[in-house]
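> Take a look at structure_11.csv, CSV, C-alpha atoms and all ligand atoms:
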chain,number,residue,atom,x,y,z
A,335,MET,CA,151.0,36.2,241.5
A,336,SER,CA,153.6,36.8,238.8
A,337,GLY,CA,152.4,33.9,236.6
A,338,ARG,CA,148.9,35.3,236.7
A,339,ARG,CA,150.2,38.8,236.1
A,340,ASN,CA,152.0,37.7,232.9
A,341,SER,CA,149.0,35.8,231.5
A,342,ILE,CA,146.8,38.9,231.9
A,343,TRP,CA,149.3,41.0,230.0
A,344,ILE,CA,149.4,38.4,227.2
A,345,VAL,CA,145.6,38.3,227.0
A,346,ASP,CA,145.6,42.1,226.8
A,347,PHE,CA,148.2,42.3,224.2
A,348,ILE,CA,146.8,39.6,221.9
A,349,LEU,CA,143.3,40.9,222.3
A,350,LEU,CA,144.3,44.1,220.4
A,351,SER,CA,145.1,42.1,217.3
A,352,SER,CA,142.2,39.6,217.7
A,353,PRO,CA,139.0,41.1,219.0
A,354,HIS,CA,137.0,37.9,219.1
A,355,ILE,CA,139.1,35.2,220.7
A,356,TYR,CA,142.4,35.4,222.4
A,357,TYR,CA,145.1,32.8,222.3
A,358,ILE,CA,147.5,32.1,225.1
A,359,CYS,CA,150.8,30.7,224.0
A,360,GLY,CA,149.0,29.2,221.0
A,361,MET,CA,147.7,26.4,223.3
A,362,SER,CA,144.4,27.1,225.0
A,363,THR,CA,141.7,29.4,223.7
A,364,GLU,CA,139.3,31.5,225.8
A,365,LYS,CA,136.7,33.9,224.8
A,366,ALA,CA,136.9,37.6,225.7
A,367,ILE,CA,134.5,38.7,228.5
A,368,VAL,CA,131.6,41.1,228.0
A,369,MET,CA,129.6,42.6,230.9
A,370,SER,CA,126.7,45.1,231.1
A,371,GLY,CA,123.7,45.9,233.2
A,372,ILE,CA,120.3,47.6,233.2
A,373,ARG,CA,118.5,49.1,236.2
A,374,PRO,CA,115.1,47.7,237.1
A,375,THR,CA,113.6,51.1,237.5
A,376,GLY,CA,110.8,50.8,234.9
A,377,TYR,CA,109.9,49.4,231.5
A,378,LEU,CA,112.7,48.9,229.0
A,379,HIS,CA,112.6,51.4,226.2
A,380,LEU,CA,114.0,51.9,222.7
A,381,GLY,CA,117.2,53.5,224.1
A,382,ASN,CA,117.9,50.5,226.3
A,383,TYR,CA,117.3,48.2,223.3
A,384,PHE,CA,119.5,50.1,220.7
A,385,GLY,CA,122.1,51.3,223.2
A,386,ALA,CA,122.5,48.0,225.1
A,387,VAL,CA,120.3,44.9,224.5
A,388,ARG,CA,120.7,44.8,220.7
A,389,ASN,CA,124.5,44.5,221.3
A,390,TYR,CA,124.0,41.9,224.0
A,391,VAL,CA,122.2,39.7,221.6
A,392,LYS,CA,125.0,39.9,219.0
A,393,LEU,CA,127.8,39.6,221.5
A,394,GLN,CA,126.4,36.4,223.2
A,395,GLU,CA,127.2,34.5,220.0
A,396,GLU,CA,131.0,35.0,220.3
A,397,TYR,CA,131.9,36.1,223.8
A,398,THR,CA,131.5,35.0,227.4
A,399,CYS,CA,128.7,37.3,228.5
A,400,TYR,CA,127.5,38.5,231.8
A,401,PHE,CA,124.3,40.6,231.7
A,402,MET,CA,122.9,41.9,234.9
A,403,VAL,CA,119.8,43.4,236.3
A,404,ALA,CA,121.3,46.3,238.4
A,405,ASP,CA,118.9,46.2,241.4
A,406,LEU,CA,121.5,47.8,243.8
A,407,HIS,CA,122.0,50.7,241.4
A,408,ALA,CA,118.3,51.2,241.3
A,409,LEU,CA,118.3,51.9,245.1
A,410,THR,CA,120.3,55.1,244.5
A,411,THR,CA,117.3,56.7,242.8
A,412,HIS,CA,114.4,54.4,243.8
A,413,PRO,CA,114.6,53.7,247.5
A,414,ASP,CA,111.1,52.5,247.7
A,415,THR,CA,111.3,48.7,247.0
A,416,LYS,CA,107.6,47.9,246.7
A,417,GLU,CA,107.8,47.6,242.9
A,418,LEU,CA,111.3,46.1,242.8
A,419,LYS,CA,110.5,42.4,242.5
A,420,THR,CA,108.0,43.0,239.6
A,421,ASN,CA,110.6,45.3,237.9
A,422,VAL,CA,113.4,42.8,238.3
A,423,HIS,CA,111.2,40.1,236.8
A,424,ARG,CA,110.1,42.3,234.0
A,425,VAL,CA,113.7,43.3,233.0
A,426,ILE,CA,114.7,39.7,232.9
A,427,ALA,CA,111.6,38.8,230.8
A,428,GLU,CA,112.2,41.8,228.5
A,429,ASN,CA,115.9,40.8,228.0
A,430,ILE,CA,114.9,37.3,227.0
A,431,ALA,CA,112.1,38.6,224.7
A,432,CYS,CA,114.7,40.7,223.0
A,433,GLY,CA,116.8,37.6,222.2
A,434,ILE,CA,119.1,36.9,225.2
A,435,ASP,CA,119.7,33.2,225.2
A,436,THR,CA,120.3,32.2,228.9
A,437,ASP,CA,122.2,29.1,227.9
A,438,LYS,CA,124.8,31.3,226.2
A,439,ALA,CA,124.9,34.3,228.4
A,440,ALA,CA,124.7,34.6,232.2
A,441,LEU,CA,121.6,36.7,232.9
A,442,TYR,CA,121.5,37.5,236.6
A,443,CYS,CA,120.5,39.8,239.4
A,444,GLN,CA,123.2,42.1,240.8
A,445,SER,CA,122.4,41.5,244.5
A,446,HIS,CA,122.7,37.7,244.0
A,447,VAL,CA,126.4,38.2,243.6
A,448,ARG,CA,127.6,39.4,247.1
A,449,GLU,CA,131.2,39.9,246.1
A,450,THR,CA,130.1,42.9,244.0
A,451,SER,CA,129.7,44.8,247.3
A,452,GLU,CA,133.1,43.7,248.6
A,453,LEU,CA,134.9,44.9,245.4
A,454,TYR,CA,132.8,48.1,245.5
A,455,LEU,CA,134.2,48.8,249.0
A,456,TYR,CA,137.8,48.3,248.0
A,457,LEU,CA,137.4,50.4,244.9
A,458,ASN,CA,135.8,53.2,246.9
A,459,MET,CA,139.2,53.6,248.6
A,460,LEU,CA,140.7,54.4,245.2
A,461,ALA,CA,138.0,56.8,244.0
A,462,TYR,CA,138.3,60.5,244.9
A,463,LEU,CA,135.6,62.9,245.9
A,464,GLY,CA,136.5,65.5,243.3
A,465,GLU,CA,136.2,63.2,240.3
A,466,LEU,CA,133.0,61.7,241.6
A,467,GLU,CA,131.4,65.1,242.2
A,468,LYS,CA,132.3,66.1,238.6
A,469,THR,CA,130.5,63.2,237.0
A,470,THR,CA,127.7,64.4,234.7
A,471,THR,CA,125.2,61.7,235.7
A,472,PHE,CA,125.8,62.6,239.4
A,473,LYS,CA,125.2,66.3,238.8
A,474,ASP,CA,122.0,65.5,236.7
A,475,LYS,CA,120.6,63.2,239.3
A,476,ALA,CA,121.5,65.4,242.2
A,477,ARG,CA,119.6,68.2,240.5
A,478,MET,CA,116.6,65.9,240.0
A,479,GLN,CA,116.5,64.6,243.6
A,480,PRO,CA,117.8,67.4,245.8
A,481,ASP,CA,116.4,65.8,248.9
A,482,ASN,CA,118.2,62.5,248.4
A,483,ILE,CA,121.7,63.2,247.3
A,484,ASN,CA,123.0,60.0,248.9
A,485,ALA,CA,126.5,58.6,248.9
A,486,GLY,CA,125.4,55.7,246.6
A,487,LEU,CA,124.5,58.2,244.0
A,488,LEU,CA,127.9,59.8,244.3
A,489,THR,CA,129.7,56.5,244.1
A,490,TYR,CA,127.5,55.0,241.3
A,491,PRO,CA,130.5,54.9,238.9
A,492,VAL,CA,132.5,52.9,241.5
A,493,LEU,CA,129.8,50.3,241.9
A,494,GLN,CA,129.5,50.1,238.1
A,495,ALA,CA,133.2,49.6,237.8
A,496,ALA,CA,133.0,46.8,240.4
A,497,ASP,CA,130.2,45.1,238.4
A,498,ILE,CA,132.4,45.1,235.3
A,499,ILE,CA,135.8,44.2,236.6
A,500,LEU,CA,134.3,41.5,238.9
A,501,HIS,CA,134.3,39.4,235.8
A,502,ARG,CA,137.4,41.0,234.4
A,503,ALA,CA,135.4,42.1,231.4
A,504,ILE,CA,136.9,43.9,228.5
A,505,TYR,CA,133.9,44.9,226.4
A,506,VAL,CA,130.9,46.8,227.9
A,507,PRO,CA,128.0,47.3,225.5
A,508,VAL,CA,126.3,50.5,226.7
A,509,GLY,CA,124.8,53.7,225.3
A,510,LYS,CA,126.5,57.0,224.9
A,511,ASP,CA,125.3,58.2,228.3
A,512,GLN,CA,127.7,55.7,229.9
A,513,GLU,CA,130.9,56.8,228.2
A,514,GLN,CA,132.2,58.9,231.1
A,515,HIS,CA,131.5,56.0,233.6
A,516,LEU,CA,133.6,53.7,231.5
A,517,GLU,CA,136.5,56.2,231.4
A,518,MET,CA,136.2,56.3,235.2
A,519,ALA,CA,136.2,52.5,235.4
A,520,ARG,CA,139.5,52.5,233.4
A,521,ASN,CA,141.0,55.0,235.9
A,522,PHE,CA,140.0,52.9,238.9
A,523,VAL,CA,141.5,49.8,237.2
A,524,LYS,CA,144.8,51.7,236.5
A,525,ARG,CA,145.0,52.8,240.1
A,526,PHE,CA,144.3,49.3,241.4
A,527,ASN,CA,146.8,47.7,239.1
A,528,HIS,CA,149.4,50.3,239.9
A,529,ARG,CA,149.0,50.0,243.6
A,530,TYR,CA,148.4,46.2,244.0
A,531,GLY,CA,149.7,44.6,240.8
A,532,GLU,CA,148.0,43.7,237.5
A,533,VAL,CA,144.7,42.0,238.2
A,534,PHE,CA,142.3,43.7,235.9
A,535,PRO,CA,142.2,44.5,232.2
A,536,GLU,CA,140.9,47.9,231.2
A,537,PRO,CA,137.3,47.8,230.0
A,538,ILE,CA,136.0,49.7,227.0
A,539,ALA,CA,132.5,50.9,226.0
A,540,TYR,CA,131.3,48.8,223.0
A,541,ASN,CA,128.9,49.2,220.2
A,542,PHE,CA,128.7,47.1,217.0
A,543,GLY,CA,128.5,50.3,214.9
A,544,ASP,CA,131.2,52.9,215.0
A,545,ASP,CA,129.8,55.2,217.6
A,546,LEU,CA,128.0,54.7,220.9
A,547,VAL,CA,124.2,55.2,220.5
A,548,LYS,CA,122.0,57.8,222.0
A,549,VAL,CA,118.3,57.3,221.3
A,550,PRO,CA,116.7,60.8,221.5
A,551,SER,CA,113.4,61.4,223.3
A,552,LEU,CA,110.4,62.3,221.1
A,553,ASP,CA,110.0,65.8,222.5
A,554,GLY,CA,113.3,66.9,221.1
A,555,THR,CA,115.1,67.2,224.5
A,556,GLY,CA,117.4,64.7,226.0
A,557,LYS,CA,117.3,60.9,225.7
A,558,MET,CA,114.6,58.3,226.1
A,559,SER,CA,114.7,57.1,229.7
A,560,LYS,CA,113.0,54.6,232.0
A,561,SER,CA,111.8,57.1,234.6
A,562,GLU,CA,111.8,60.5,233.0
A,563,ASN,CA,110.1,61.9,229.9
A,564,GLN,CA,107.5,59.0,229.9
A,565,LEU,CA,105.4,60.4,227.1
A,566,ALA,CA,108.4,61.1,225.0
A,567,THR,CA,109.9,57.6,225.5
A,568,LEU,CA,108.8,54.5,223.5
A,569,TYR,CA,108.7,51.5,225.9
A,570,LEU,CA,109.0,47.9,224.7
A,571,ALA,CA,105.7,47.3,226.6
A,572,ASP,CA,103.7,50.1,224.9
A,573,ASP,CA,100.6,49.0,223.1
A,574,ASP,CA,100.1,49.9,219.4
A,575,GLU,CA,97.8,52.8,220.1
A,576,LEU,CA,100.1,54.3,222.6
A,577,ILE,CA,103.0,54.0,220.3
A,578,ARG,CA,101.1,55.8,217.5
A,579,LYS,CA,99.9,58.5,220.0
A,580,LYS,CA,103.4,59.2,221.2
A,581,VAL,CA,105.0,59.3,217.8
A,582,MET,CA,102.3,61.6,216.4
A,583,LYS,CA,103.0,64.0,219.2
A,584,ALA,CA,106.7,64.4,218.4
A,585,LYS,CA,107.7,68.0,217.8
A,586,THR,CA,107.9,69.2,214.2
A,587,ASP,CA,107.5,72.6,212.5
A,588,GLY,CA,106.2,74.0,209.2
A,589,GLY,CA,109.0,72.2,207.2
A,590,PRO,CA,112.1,73.6,205.4
A,591,THR,CA,111.7,76.5,203.1
A,592,GLU,CA,115.1,76.2,201.3
A,593,ASN,CA,116.5,73.2,199.6
A,594,ASN,CA,119.1,71.1,201.4
A,595,SER,CA,118.9,73.2,204.6
A,596,PRO,CA,120.3,71.7,207.9
A,597,LYS,CA,117.7,69.9,210.1
A,598,PRO,CA,116.8,71.3,213.5
A,599,ASP,CA,117.6,68.9,216.3
A,600,TYR,CA,114.0,67.8,216.9
A,601,ILE,CA,113.6,66.9,213.1
A,602,GLU,CA,117.0,65.1,213.1
A,603,ASN,CA,115.8,63.1,216.1
A,604,ILE,CA,112.8,61.9,214.1
A,605,PHE,CA,115.1,60.9,211.2
A,606,GLN,CA,117.3,59.2,213.7
A,607,LEU,CA,114.4,57.1,215.1
A,608,MET,CA,113.4,56.2,211.6
A,609,ARG,CA,117.0,55.0,210.9
A,610,LEU,CA,116.5,52.5,213.7
A,611,VAL,CA,113.4,50.8,212.6
A,612,SER,CA,112.4,51.8,209.0
A,613,SER,CA,113.7,50.4,205.6
A,614,ASP,CA,116.4,52.2,203.7
A,615,GLU,CA,113.9,53.0,201.0
A,616,THR,CA,111.6,54.7,203.4
A,617,ILE,CA,114.4,56.7,205.0
A,618,SER,CA,115.8,57.9,201.6
A,619,SER,CA,112.4,58.9,200.3
A,620,PHE,CA,111.8,61.2,203.4
A,621,GLU,CA,115.4,62.5,203.2
A,622,SER,CA,114.8,63.5,199.5
A,623,ALA,CA,111.4,65.1,200.5
A,624,TYR,CA,113.1,67.1,203.2
A,625,ASN,CA,115.9,68.2,200.9
A,626,ASN,CA,113.5,69.4,198.2
A,627,CYS,CA,111.1,70.9,200.7
A,628,THR,CA,108.1,68.6,199.9
A,629,ILE,CA,108.2,66.8,203.2
A,630,ARG,CA,104.9,66.3,205.1
A,631,TYR,CA,105.8,65.6,208.7
A,632,GLY,CA,102.4,64.1,209.4
A,633,ASP,CA,103.0,61.4,206.8
A,634,MET,CA,106.5,60.9,208.1
A,635,LYS,CA,105.3,60.4,211.7
A,636,LYS,CA,102.5,58.0,210.5
A,637,GLN,CA,105.1,55.9,208.7
A,638,LEU,CA,107.5,56.0,211.7
A,639,ALA,CA,104.6,55.0,214.0
A,640,GLU,CA,103.7,52.0,211.9
A,641,ASP,CA,107.4,50.9,211.7
A,642,MET,CA,107.7,51.2,215.5
A,643,VAL,CA,104.6,49.2,216.0
A,644,LYS,CA,106.0,46.4,213.8
A,645,PHE,CA,109.2,46.5,215.7
A,646,ILE,CA,107.9,46.7,219.3
A,647,ALA,CA,104.7,44.5,219.2
A,648,PRO,CA,106.5,41.1,218.9
A,649,ILE,CA,108.9,41.9,221.7
A,650,ARG,CA,106.0,43.2,223.9
A,651,GLU,CA,104.0,40.0,223.4
A,652,ARG,CA,107.0,37.7,224.1
A,653,ALA,CA,107.9,39.6,227.2
A,654,ALA,CA,104.3,39.5,228.6
A,655,SER,CA,104.1,35.8,228.3
A,656,ILE,CA,107.5,35.2,230.0
A,657,GLN,CA,106.9,37.7,232.8
A,658,HIS,CA,104.1,35.8,234.3
A,659,ASP,CA,106.0,32.5,234.5
A,660,GLU,CA,107.6,33.1,237.9
A,661,ALA,CA,109.0,29.6,238.2
A,662,TYR,CA,110.8,30.0,234.9
A,663,LEU,CA,112.2,33.4,235.9
A,664,GLN,CA,113.5,32.0,239.2
A,665,LYS,CA,115.2,29.2,237.4
A,666,ILE,CA,116.8,31.7,235.0
A,667,MET,CA,118.0,33.9,237.8
A,668,LYS,CA,119.5,31.0,239.7
A,669,GLN,CA,121.3,29.7,236.7
A,670,GLY,CA,122.7,33.2,235.9
A,671,ALA,CA,123.7,33.7,239.5
A,672,GLU,CA,125.6,30.4,239.6
A,673,LYS,CA,127.7,31.4,236.5
A,674,ALA,CA,128.3,35.0,237.8
A,675,ASN,CA,129.2,33.8,241.3
A,676,GLU,CA,131.8,31.3,239.9
A,677,SER,CA,133.5,34.1,237.9
A,678,ALA,CA,133.2,36.6,240.8
A,679,SER,CA,134.8,34.3,243.4
A,680,LYS,CA,137.8,33.6,241.1
A,681,THR,CA,138.4,37.3,240.6
A,682,MET,CA,138.0,38.1,244.3
A,683,SER,CA,140.6,35.4,245.3
A,684,LEU,CA,143.0,37.3,243.0
A,685,VAL,CA,142.0,40.6,244.5
A,686,ARG,CA,142.3,39.6,248.1
A,687,GLU,CA,145.7,38.1,247.4
A,688,ALA,CA,146.9,41.1,245.4
A,689,MET,CA,145.8,43.5,248.2
A,690,GLY,CA,147.4,41.4,250.9
A,691,LEU,CA,144.1,40.6,252.6
A,692,VAL,CA,145.0,36.9,253.0
A,693,TYR,CA,146.3,36.2,256.5
A,701,LIG,P1,117.7,54.4,232.0
A,701,LIG,O1,118.6,55.6,231.8
A,701,LIG,O2,116.6,54.3,231.1
A,701,LIG,O3,117.3,54.2,233.4
A,701,LIG,P2,119.9,52.5,232.5
A,701,LIG,O4,120.6,53.5,233.3
A,701,LIG,O5,119.3,51.3,233.2
A,701,LIG,O6,118.7,53.2,231.7
A,701,LIG,O7,120.8,52.0,231.3
A,701,LIG,C1,120.7,50.7,230.7
A,701,LIG,C2,121.5,50.7,229.4
A,701,LIG,O8,120.7,51.4,228.4
A,701,LIG,C3,122.8,51.5,229.5
A,701,LIG,O9,123.7,50.8,228.7
A,701,LIG,C4,122.5,52.8,228.8
A,701,LIG,O10,123.7,53.4,228.2
A,701,LIG,C5,121.5,52.4,227.8
A,701,LIG,N1,120.6,53.6,227.5
A,701,LIG,C6,119.7,54.1,228.3
A,701,LIG,N2,119.0,55.1,227.7
A,701,LIG,C7,119.5,55.2,226.5
A,701,LIG,C8,119.3,56.0,225.3
A,701,LIG,N3,118.3,56.9,225.3
A,701,LIG,N4,120.0,55.8,224.2
A,701,LIG,C9,120.9,54.8,224.1
A,701,LIG,N5,121.2,54.0,225.2
A,701,LIG,C10,120.6,54.2,226.3
Represent the structure of the file as structure tokens.


Amino acid sequence: MSGRRNSIWIVDFILLSSPHIYYICGMSTEKAIVMSGIRPTGYLHLGNYFGAVRNYVKLQEEYTCYFMVADLHALTTHPDTKELKTNVHRVIAENIACGIDTDKAALYCQSHVRETSELYLYLNMLAYLGELEKTTTFKDKARMQPDNINAGLLTYPVLQAADIILHRAIYVPVGKDQEQHLEMARNFVKRFNHRYGEVFPEPIAYNFGDDLVKVPSLDGTGKMSKSENQLATLYLADDDELIRKKVMKAKTDGGPTENNSPKPDYIENIFQLMRLVSSDETISSFESAYNNCTIRYGDMKKQLAEDMVKFIAPIRERAASIQHDEAYLQKIMKQGAEKANESASKTMSLVREAMGLVY
């Protein structure tokens, strides 16, 4: 164990000075590990793309990446599994359509890696009721489904920590809504390492820009989401007319009456969406119009709708053609599961040994 323990510390230490590749004793090189997941609870939307998948596509070029369809997490809020298979296939297809290269990254289904559940069990012994009950996402979801406040919902951050550290990942590309979960994952890691010896590095939430992203919903409240706010969320499967209709319905007002006044949240949200898909020129012309009170929100929304259509249509078309090729999707999931299982079984040997579960 002590040799292993040392090498992990060396990896951690050198990673701080070299974010892309770490070097062990100047001899062998190994890429840092990235892990993230998306629940198959509906169509992927712009928030999933800009919060998560856009980063996946960049990260796969330089890191060892594990990207997962989180079907077990989906059961915490969607116990009816009639749609699950279609949803799993669609998320896989949408990830590939967004640019995931399955020869570079492992794209797999969470339930195909059985060791996830084993690690989840062990981590549950290190997670406390008080901290789980305080988690924002738990409180939100408990409010939304008062008749099904199940233990899986409570321990969602524990399962998520298991997913990540099962590959001993360091970077976790996620949106801003996941920041608290990552903090909890680091706490579980610290507790595990303190109690049983250094097995896991501490994972951090990752975004290519400076800050984690939150893509706002079009109605000015909350974030875009797979299963809530459907008319205020732009899905990667929306057709052109639906995109236009949703954008034109976004909340606005009569416009500013004083030069350079601060933007209300719902107007800032429209600018924020524009910054994701429109050209710099377009954005600055609407910024100036806002600042000198000549802005026409109808024109702004029309421009945004067209830029959204240009962005979403090619992804939608690619995803639709992949989604119906079941043999191809099965092949991709098998290939992804093989890579993920290899990494998981290496980690779990270390875990069982560290915990004294080898008799
Ligand atoms: P959803 O909330 O739509 O069900 P998931 O919980 O499956 O999405 O999250 C998948 C990934 O997408 C996570 O990394 C999450 O942070 C990111 N994400 C979801 N919604 C948004 C959003 N509106 N803005 C930015 N990132 C988001």

> With all atoms listed in the file counted, which protein, DNA or RNA residues have an atom no more than 12 Å from (136.9, 48.5, 240.9) in the file frame? Please answer as a ChimeraX atom specification.

/A:449-461,489-503,515-516,518-527,533-537,681-682,685

> Taking all atoms listed in the file into account, list the residues no farther than 9 Å from ligand LIG 701 (chain A), as an NGL selection string.

:A and (370-387 or 403-404 or 407-408 or 506-513 or 546-551 or 556-562 or 567)

> With distances taken over all atoms listed in the file, which of A:Asn626, A:Thr591, A:Asn389, A:Thr616 is nearest to A:Gly433?

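Smallest distance to A:Gly433 is found for A:Asn389.
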
> Need to verify the contact set: A:Ile604, 10 Å, only C-alpha atoms, exclusion of same-chain residues closer than 6 positions in sequence. Can you return it as a list in words?

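Once the nearby chain positions are removed, what remains is Pro550, Ser551, Leu552, Asp553, Gly554, Val581, Ala584, Lys585, Thr586, Tyr631, Met634, Lys635 and Leu638 of chain A.
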
> Can you work out which one of A:Ala440, A:Leu565, A:Leu406, A:Met369 has the shortest atom-to-atom distance to A:Asn675, counting all atoms listed in the file?

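Closest to A:Asn675, using all atoms listed in the file: A:Ala440.
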
> Hey, which of A:Leu570, A:Cys443, A:Ile629, A:Val611 ends up closest to A:Glu592? Count all atoms listed in the file.

A:Ile629

> Which is closest to A:His446 among A:Ala661, A:Asp599, A:Met402, A:Ser613, if we use only C-alpha atoms?

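Among A:Ala661, A:Asp599, A:Met402, A:Ser613, it is A:Met402 that comes nearest to A:His446.
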
> Which residues are near A:Phe472? Cut-off 9 Å, all atoms listed in the file, ignore same chain within fewer than 4 positions. Put them as a list in words.

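Here the qualifying residues turn out to be Leu466, Glu467, Lys468, Ala476, Arg477, Ile483, Leu487, Leu488, Thr489 and Tyr490 of chain A.
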
> So how far away is atom CA of A:Ala678 from atom CA of A:Ala653, in Å?

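Between atom CA of A:Ala653 and atom CA of A:Ala678 the gap is 28.9 Å.
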